[in-house]
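Enquirer: What follows is protein.pdb, made up of PDB, C-alpha atoms:
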```pdb
ATOM      1  CA  MET A   1     129.584 155.845  89.656  1.00  0.00           C
ATOM      2  CA  ARG A   2     125.903 154.984  89.779  1.00  0.00           C
ATOM      3  CA  LYS A   3     126.699 151.340  88.963  1.00  0.00           C
ATOM      4  CA  ILE A   4     129.139 151.228  91.868  1.00  0.00           C
ATOM      5  CA  LEU A   5     126.556 152.670  94.250  1.00  0.00           C
ATOM      6  CA  LEU A   6     123.889 150.241  93.064  1.00  0.00           C
ATOM      7  CA  ALA A   7     126.319 147.359  93.482  1.00  0.00           C
ATOM      8  CA  LEU A   8     127.002 148.435  97.071  1.00  0.00           C
ATOM      9  CA  VAL A   9     123.332 148.459  98.113  1.00  0.00           C
ATOM     10  CA  PRO A  10     123.069 144.652  98.567  1.00  0.00           C
ATOM     11  CA  VAL A  11     126.396 144.564 100.429  1.00  0.00           C
ATOM     12  CA  VAL A  12     125.340 147.337 102.811  1.00  0.00           C
ATOM     13  CA  THR A  13     121.943 145.690 103.314  1.00  0.00           C
ATOM     14  CA  LEU A  14     123.614 142.356 104.070  1.00  0.00           C
ATOM     15  CA  MET A  15     126.044 143.979 106.506  1.00  0.00           C
ATOM     16  CA  ALA A  16     123.178 145.765 108.247  1.00  0.00           C
ATOM     17  CA  GLY A  17     121.349 142.458 108.615  1.00  0.00           C
ATOM     18  CA  VAL A  18     124.411 140.758 110.111  1.00  0.00           C
ATOM     19  CA  ALA A  19     124.977 143.646 112.504  1.00  0.00           C
ATOM     20  CA  SER A  20     121.320 143.570 113.518  1.00  0.00           C
ATOM     21  CA  ALA A  21     121.506 139.832 114.226  1.00  0.00           C
ATOM     22  CA  GLN A  22     124.691 140.344 116.256  1.00  0.00           C
ATOM     23  CA  ASP A  23     123.086 143.179 118.207  1.00  0.00           C
ATOM     24  CA  SER A  24     120.068 140.991 118.950  1.00  0.00           C
ATOM     25  CA  HIS A  25     122.317 138.174 120.195  1.00  0.00           C
ATOM     26  CA  THR A  26     124.390 140.597 122.289  1.00  0.00           C
ATOM     27  CA  ALA A  27     121.250 142.124 123.813  1.00  0.00           C
ATOM     28  CA  LYS A  28     120.033 138.720 124.958  1.00  0.00           C
ATOM     29  CA  SER A  29     123.344 137.489 126.346  1.00  0.00           C
ATOM     30  CA  HIS A  30     124.994 140.734 127.518  1.00  0.00           C
ATOM     31  CA  PRO A  31     122.490 143.581 128.129  1.00  0.00           C
ATOM     32  CA  ALA A  32     125.219 145.979 129.383  1.00  0.00           C
ATOM     33  CA  LYS A  33     127.330 145.394 126.250  1.00  0.00           C
ATOM     34  CA  ALA A  34     124.268 145.870 124.071  1.00  0.00           C
ATOM     35  CA  HIS A  35     123.546 149.248 125.657  1.00  0.00           C
ATOM     36  CA  LYS A  36     127.159 150.331 125.220  1.00  0.00           C
ATOM     37  CA  ALA A  37     127.130 149.209 121.571  1.00  0.00           C
ATOM     38  CA  ALA A  38     123.860 151.038 120.917  1.00  0.00           C
ATOM     39  CA  ALA A  39     125.216 154.204 122.537  1.00  0.00           C
ATOM     40  CA  ALA A  40     128.351 154.025 120.415  1.00  0.00           C
ATOM     41  CA  THR A  41     126.362 153.792 117.178  1.00  0.00           C
ATOM     42  CA  THR A  42     123.916 156.545 118.143  1.00  0.00           C
ATOM     43  CA  GLU A  43     125.857 159.628 117.207  1.00  0.00           C
ATOM     44  CA  LYS A  44     124.988 163.040 118.604  1.00  0.00           C
ATOM     45  CA  LYS A  45     123.612 165.719 116.310  1.00  0.00           C
ATOM     46  CA  LEU A  46     126.198 167.911 114.620  1.00  0.00           C
ATOM     47  CA  TYR A  47     124.885 170.816 116.721  1.00  0.00           C
ATOM     48  CA  ASP A  48     125.905 169.013 119.914  1.00  0.00           C
ATOM     49  CA  ARG A  49     129.240 167.855 118.481  1.00  0.00           C
ATOM     50  CA  LEU A  50     130.005 171.469 117.545  1.00  0.00           C
ATOM     51  CA  GLY A  51     129.454 172.450 121.175  1.00  0.00           C
ATOM     52  CA  GLY A  52     125.971 173.954 120.982  1.00  0.00           C
ATOM     53  CA  LYS A  53     124.899 177.551 120.524  1.00  0.00           C
ATOM     54  CA  LYS A  54     127.648 179.060 122.695  1.00  0.00           C
ATOM     55  CA  ALA A  55     130.389 177.437 120.602  1.00  0.00           C
ATOM     56  CA  ILE A  56     128.644 178.297 117.330  1.00  0.00           C
ATOM     57  CA  THR A  57     128.401 181.917 118.473  1.00  0.00           C
ATOM     58  CA  ALA A  58     132.144 181.987 119.228  1.00  0.00           C
ATOM     59  CA  VAL A  59     132.935 180.584 115.762  1.00  0.00           C
ATOM     60  CA  VAL A  60     130.620 183.117 114.085  1.00  0.00           C
ATOM     61  CA  ASP A  61     132.245 185.991 116.007  1.00  0.00           C
ATOM     62  CA  GLU A  62     135.689 184.834 114.860  1.00  0.00           C
ATOM     63  CA  PHE A  63     134.438 184.266 111.313  1.00  0.00           C
ATOM     64  CA  VAL A  64     133.009 187.799 111.105  1.00  0.00           C
ATOM     65  CA  ALA A  65     136.314 189.203 112.399  1.00  0.00           C
ATOM     66  CA  ASN A  66     138.152 187.184 109.722  1.00  0.00           C
ATOM     67  CA  VAL A  67     135.846 188.525 107.007  1.00  0.00           C
ATOM     68  CA  ALA A  68     136.261 192.108 108.266  1.00  0.00           C
ATOM     69  CA  ALA A  69     140.038 191.733 107.927  1.00  0.00           C
ATOM     70  CA  ASP A  70     139.871 190.032 104.515  1.00  0.00           C
ATOM     71  CA  THR A  71     140.433 192.669 101.828  1.00  0.00           C
ATOM     72  CA  ARG A  72     139.193 190.243  99.171  1.00  0.00           C
ATOM     73  CA  ILE A  73     135.626 190.403 100.488  1.00  0.00           C
ATOM     74  CA  ASN A  74     135.223 192.890 103.354  1.00  0.00           C
ATOM     75  CA  SER A  75     133.737 195.516 101.029  1.00  0.00           C
ATOM     76  CA  PHE A  76     130.632 193.325 100.688  1.00  0.00           C
ATOM     77  CA  PHE A  77     130.081 193.703 104.439  1.00  0.00           C
ATOM     78  CA  ALA A  78     131.114 197.359 104.913  1.00  0.00           C
ATOM     79  CA  ALA A  79     127.605 198.701 105.552  1.00  0.00           C
ATOM     80  CA  THR A  80     126.805 195.904 107.989  1.00  0.00           C
ATOM     81  CA  ALA A  81     130.131 196.154 109.819  1.00  0.00           C
ATOM     82  CA  GLY A  82     129.675 199.910 110.271  1.00  0.00           C
ATOM     83  CA  ASP A  83     126.308 199.589 111.989  1.00  0.00           C
ATOM     84  CA  LYS A  84     126.298 197.845 115.388  1.00  0.00           C
ATOM     85  CA  LYS A  85     122.606 196.997 115.189  1.00  0.00           C
ATOM     86  CA  ARG A  86     122.892 195.497 111.675  1.00  0.00           C
ATOM     87  CA  LEU A  87     126.052 193.631 112.667  1.00  0.00           C
ATOM     88  CA  ALA A  88     124.332 192.086 115.707  1.00  0.00           C
ATOM     89  CA  LYS A  89     121.377 191.017 113.548  1.00  0.00           C
ATOM     90  CA  PHE A  90     123.740 189.590 110.904  1.00  0.00           C
ATOM     91  CA  LYS A  91     125.663 187.563 113.502  1.00  0.00           C
ATOM     92  CA  GLY A  92     122.438 186.386 115.133  1.00  0.00           C
ATOM     93  CA  ASN A  93     121.085 185.223 111.772  1.00  0.00           C
ATOM     94  CA  MET A  94     124.325 183.359 111.028  1.00  0.00           C
ATOM     95  CA  VAL A  95     124.285 181.665 114.431  1.00  0.00           C
ATOM     96  CA  ASN A  96     120.654 180.630 113.961  1.00  0.00           C
ATOM     97  CA  GLN A  97     121.298 179.411 110.418  1.00  0.00           C
ATOM     98  CA  ILE A  98     124.213 177.206 111.512  1.00  0.00           C
ATOM     99  CA  CYS A  99     122.368 176.115 114.642  1.00  0.00           C
ATOM    100  CA  GLU A 100     119.260 175.064 112.715  1.00  0.00           C
ATOM    101  CA  GLY A 101     121.245 173.501 109.856  1.00  0.00           C
ATOM    102  CA  SER A 102     123.259 171.390 112.271  1.00  0.00           C
ATOM    103  CA  GLY A 103     120.184 170.018 114.035  1.00  0.00           C
ATOM    104  CA  GLY A 104     119.944 172.494 116.900  1.00  0.00           C
ATOM    105  CA  PRO A 105     116.819 174.092 118.343  1.00  0.00           C
ATOM    106  CA  CYS A 106     117.261 177.490 116.647  1.00  0.00           C
ATOM    107  CA  LYS A 107     115.152 178.811 113.791  1.00  0.00           C
ATOM    108  CA  TYR A 108     116.680 180.911 111.040  1.00  0.00           C
ATOM    109  CA  LYS A 109     114.329 183.802 110.256  1.00  0.00           C
ATOM    110  CA  GLY A 110     116.479 185.816 107.865  1.00  0.00           C
ATOM    111  CA  LYS A 111     116.099 186.225 104.137  1.00  0.00           C
ATOM    112  CA  ASP A 112     116.709 183.331 101.794  1.00  0.00           C
ATOM    113  CA  MET A 113     120.239 183.417 100.371  1.00  0.00           C
ATOM    114  CA  LYS A 114     119.199 184.332  96.832  1.00  0.00           C
ATOM    115  CA  THR A 115     117.257 187.383  98.006  1.00  0.00           C
ATOM    116  CA  ALA A 116     119.892 188.425 100.564  1.00  0.00           C
ATOM    117  CA  HIS A 117     122.687 188.422  97.968  1.00  0.00           C
ATOM    118  CA  ALA A 118     120.821 189.597  94.856  1.00  0.00           C
ATOM    119  CA  GLY A 119     122.667 192.303  92.980  1.00  0.00           C
ATOM    120  CA  MET A 120     125.778 192.148  95.160  1.00  0.00           C
ATOM    121  CA  GLY A 121     127.945 190.740  92.377  1.00  0.00           C
ATOM    122  CA  VAL A 122     129.365 187.916  94.474  1.00  0.00           C
ATOM    123  CA  GLN A 123     131.586 185.702  92.316  1.00  0.00           C
ATOM    124  CA  GLY A 124     133.111 182.290  92.909  1.00  0.00           C
ATOM    125  CA  GLN A 125     136.402 183.665  94.213  1.00  0.00           C
ATOM    126  CA  HIS A 126     134.506 185.742  96.790  1.00  0.00           C
ATOM    127  CA  PHE A 127     132.584 182.697  97.981  1.00  0.00           C
ATOM    128  CA  GLY A 128     135.869 180.782  98.172  1.00  0.00           C
ATOM    129  CA  ALA A 129     137.393 183.531 100.327  1.00  0.00           C
ATOM    130  CA  LEU A 130     134.355 183.403 102.615  1.00  0.00           C
ATOM    131  CA  VAL A 131     134.748 179.644 103.031  1.00  0.00           C
ATOM    132  CA  GLU A 132     138.466 180.098 103.787  1.00  0.00           C
ATOM    133  CA  ASP A 133     137.568 182.617 106.500  1.00  0.00           C
ATOM    134  CA  LEU A 134     135.045 180.198 107.993  1.00  0.00           C
ATOM    135  CA  VAL A 135     137.537 177.314 107.947  1.00  0.00           C
ATOM    136  CA  LYS A 136     140.101 179.563 109.641  1.00  0.00           C
ATOM    137  CA  ALA A 137     137.564 180.259 112.426  1.00  0.00           C
ATOM    138  CA  LEU A 138     136.709 176.560 112.765  1.00  0.00           C
ATOM    139  CA  ASP A 139     140.412 175.715 112.925  1.00  0.00           C
ATOM    140  CA  LYS A 140     141.018 178.307 115.640  1.00  0.00           C
ATOM    141  CA  PHE A 141     138.483 176.501 117.812  1.00  0.00           C
ATOM    142  CA  LYS A 142     139.923 173.103 116.848  1.00  0.00           C
ATOM    143  CA  VAL A 143     136.692 171.819 115.308  1.00  0.00           C
ATOM    144  CA  PRO A 144     137.450 168.229 114.219  1.00  0.00           C
ATOM    145  CA  GLU A 145     137.709 167.476 110.487  1.00  0.00           C
ATOM    146  CA  LYS A 146     134.569 165.325 110.492  1.00  0.00           C
ATOM    147  CA  GLU A 147     132.374 168.042 111.985  1.00  0.00           C
ATOM    148  CA  LYS A 148     134.016 170.719 109.842  1.00  0.00           C
ATOM    149  CA  GLY A 149     133.271 168.655 106.734  1.00  0.00           C
ATOM    150  CA  GLU A 150     129.667 168.065 107.769  1.00  0.00           C
ATOM    151  CA  LEU A 151     129.110 171.774 108.417  1.00  0.00           C
ATOM    152  CA  LEU A 152     130.671 172.789 105.112  1.00  0.00           C
ATOM    153  CA  ALA A 153     128.499 170.188 103.360  1.00  0.00           C
ATOM    154  CA  ILE A 154     125.422 171.838 104.877  1.00  0.00           C
ATOM    155  CA  LEU A 155     126.497 175.362 103.916  1.00  0.00           C
ATOM    156  CA  GLY A 156     128.090 174.571 100.542  1.00  0.00           C
ATOM    157  CA  PRO A 157     124.868 174.188  98.545  1.00  0.00           C
ATOM    158  CA  MET A 158     124.067 177.824  99.344  1.00  0.00           C
ATOM    159  CA  GLN A 159     126.772 178.811  96.866  1.00  0.00           C
ATOM    160  CA  SER A 160     124.396 178.514  93.923  1.00  0.00           C
ATOM    161  CA  ASP A 161     122.056 181.061  95.553  1.00  0.00           C
ATOM    162  CA  ILE A 162     124.837 183.453  96.603  1.00  0.00           C
ATOM    163  CA  VAL A 163     127.176 183.512  93.599  1.00  0.00           C
ATOM    164  CA  GLU A 164     125.918 185.431  90.591  1.00  0.00           C
ATOM    165  CA  ALA A 165     126.723 184.597  87.007  1.00  0.00           C
ATOM    166  CA  ALA A 166     129.755 186.456  85.775  1.00  0.00           C
ATOM    167  CA  PRO A 167     128.845 189.436  83.597  1.00  0.00           C
ATOM    168  CA  ALA A 168     129.077 188.716  79.896  1.00  0.00           C
ATOM    169  CA  ALA A 169     132.263 189.940  78.283  1.00  0.00           C
ATOM    170  CA  ALA A 170     131.857 193.049  76.200  1.00  0.00           C
ATOM    171  CA  SER A 171     131.815 192.282  72.545  1.00  0.00           C
ATOM    172  CA  ALA A 172     134.795 193.501  70.566  1.00  0.00           C
ATOM    173  CA  PRO A 173     134.151 196.332  68.156  1.00  0.00           C
ATOM    174  CA  ALA A 174     133.779 195.327  64.546  1.00  0.00           C
ATOM    175  CA  THR A 175     136.909 195.738  62.449  1.00  0.00           C
ATOM    176  CA  LYS A 176     137.024 196.756  58.852  1.00  0.00           C
TER     177      LYS A 176
END
```
What is this structure when it is put down as structure tokens?
Expert:
Amino acid sequence: MRKILLALVPVVTLMAGVASAQDSHTAKSHPAKAHKAAAATTEKKLYDRLGGKKAITAVVDEFVANVAADTRINSFFAATAGDKKRLAKFKGNMVNQICEGSGGPCKYKGKDMKTAHAGMGVQGQHFGALVEDLVKALDKFKVPEKEKGELLAILGPMQSDIVEAAPAAASAPATK
């Protein structure tokens, strides 16, 4: 895989050089076309493509409702769900985390994921259920596949801080 990536570097560099030369020529001969081309290649931040804080808040609200209804994982959130103040703080932290991670102006001020989930016993299947609930919320709001993939790529690396190692199997008693 690394060899393939290294082999692609000169090709990508060459293509970038050709595109740059074409853009320079277009800018000189057709300034309006050059501006349009530049605008097309300058993509908005994920935060903006998601619809900003209002849209992120709507997705988080739906996501939390999905988790509350999901018997595979809702027990992890029982204490938070039962306390309106804690639930509001939890949702606010999630909104700010997604907002900041997607390039928005928010600042996440909650605990780091390792500290927040220490001792909870979250396993891989629980994390998978959580992701399914998030995808369900994103799908409800018709978030395009590209943006959904980018968001999941931002959140996915948190898995290693959230999921705990499975407890060691009990050793079998010695037989005679």
Enquirer: If you apply the PyMOL selection byres ((chain A and resi 73) around 10) to this file, what residues do you get, as a list in words?
Expert: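 Listing what the PyMOL selection byres ((chain A and resi 73) around 10) selects in the shown file: Val67, Ala68, Ala69, Asp70, Thr71, Arg72, Asn74, Ser75, Phe76, Phe77, Ala78, Val122, Gln125, His126, Phe127, Gly128, Ala129 and Leu130 of chain A.
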Enquirer: Determine the residue set returned by the PyMOL selection byres ((chain A and resi 99) around 12) for the present structure, and present it as JSON, numbers by chain.
Expert: {"A": [45, 46, 47, 48, 49, 50, 51, 52, 53, 54, 55, 56, 57, 59, 60, 91, 92, 93, 94, 95, 96, 97, 98, 100, 101, 102, 103, 104, 105, 106, 107, 108, 109, 151, 154, 155]}
Enquirer: Find the smallest box with edges along x, y and z containing every listed atom of stretch 68-75 of chain A, then add 3 Å on each side and report centre and edge lengths in Å to one decimal, as lines of an AutoDock Vina configuration file.
Expert:
```
center_x = 137.1
center_y = 192.8
center_z = 103.7
size_x = 12.7
size_y = 11.5
size_z = 15.1
```
Enquirer: Measuring atom to atom with only C-alpha atoms, identify which of A:Ala58, A:Leu152, A:Ala165, A:Met158 is nearest to A:Glu132.
Expert: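 Of A:Ala58, A:Leu152, A:Ala165, A:Met158, the one nearest A:Glu132 is A:Leu152, counting only C-alpha atoms.
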Enquirer: Please list as a list in words every residue within 9 Å of A:Leu138, counting all atoms listed in the file and excluding residues in the same chain fewer than 4 positions away.
Expert: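 Contacts, with the query itself left out: Val59, Glu62, Phe63, Asp133, Leu134, Lys142, Val143, Pro144 and Lys148 of chain A.
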Enquirer: Have a look at A:Glu147, A:Lys114, A:Val135, A:Gly119 and name the one nearest to A:Gln159; count all atoms listed in the file.
Expert: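 The closest residue to A:Gln159 is A:Lys114.
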Enquirer: What does the structure give for the distance between atom CA of A:Thr80 and atom CA of A:Val163, in Å to one decimal?
Expert: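 Atom-to-atom, atom CA of A:Thr80 to atom CA of A:Val163, that is 19.0 Å.
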Enquirer: What does the distance from atom CA of A:Gly149 to atom CA of A:Val131 come to in Å, to one decimal?
Expert: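 Distance reported for this atom pair: 11.7 Å.
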Enquirer: Quick one: pull the distance between atom CA of A:Ser160 and atom CA of A:Met120, Å, one decimal.
Expert: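 Those two atoms sit 13.8 Å apart.
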Enquirer: Give the answer as one residue: which of A:Asp83, A:Asp61, A:Lys89, A:Gly156 has the shortest atom-to-atom distance to A:Phe141, using all atoms listed in the file?
Expert: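 Among the listed residues, A:Asp61 lies closest to A:Phe141.
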Enquirer: Find, counting all atoms listed in the file, the residue in A:Ala79, A:Lys44, A:Asp139, A:Ile162 that gets nearest to A:Asp112.
Expert: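 Under the stated criterion, the closest residue is A:Ile162.
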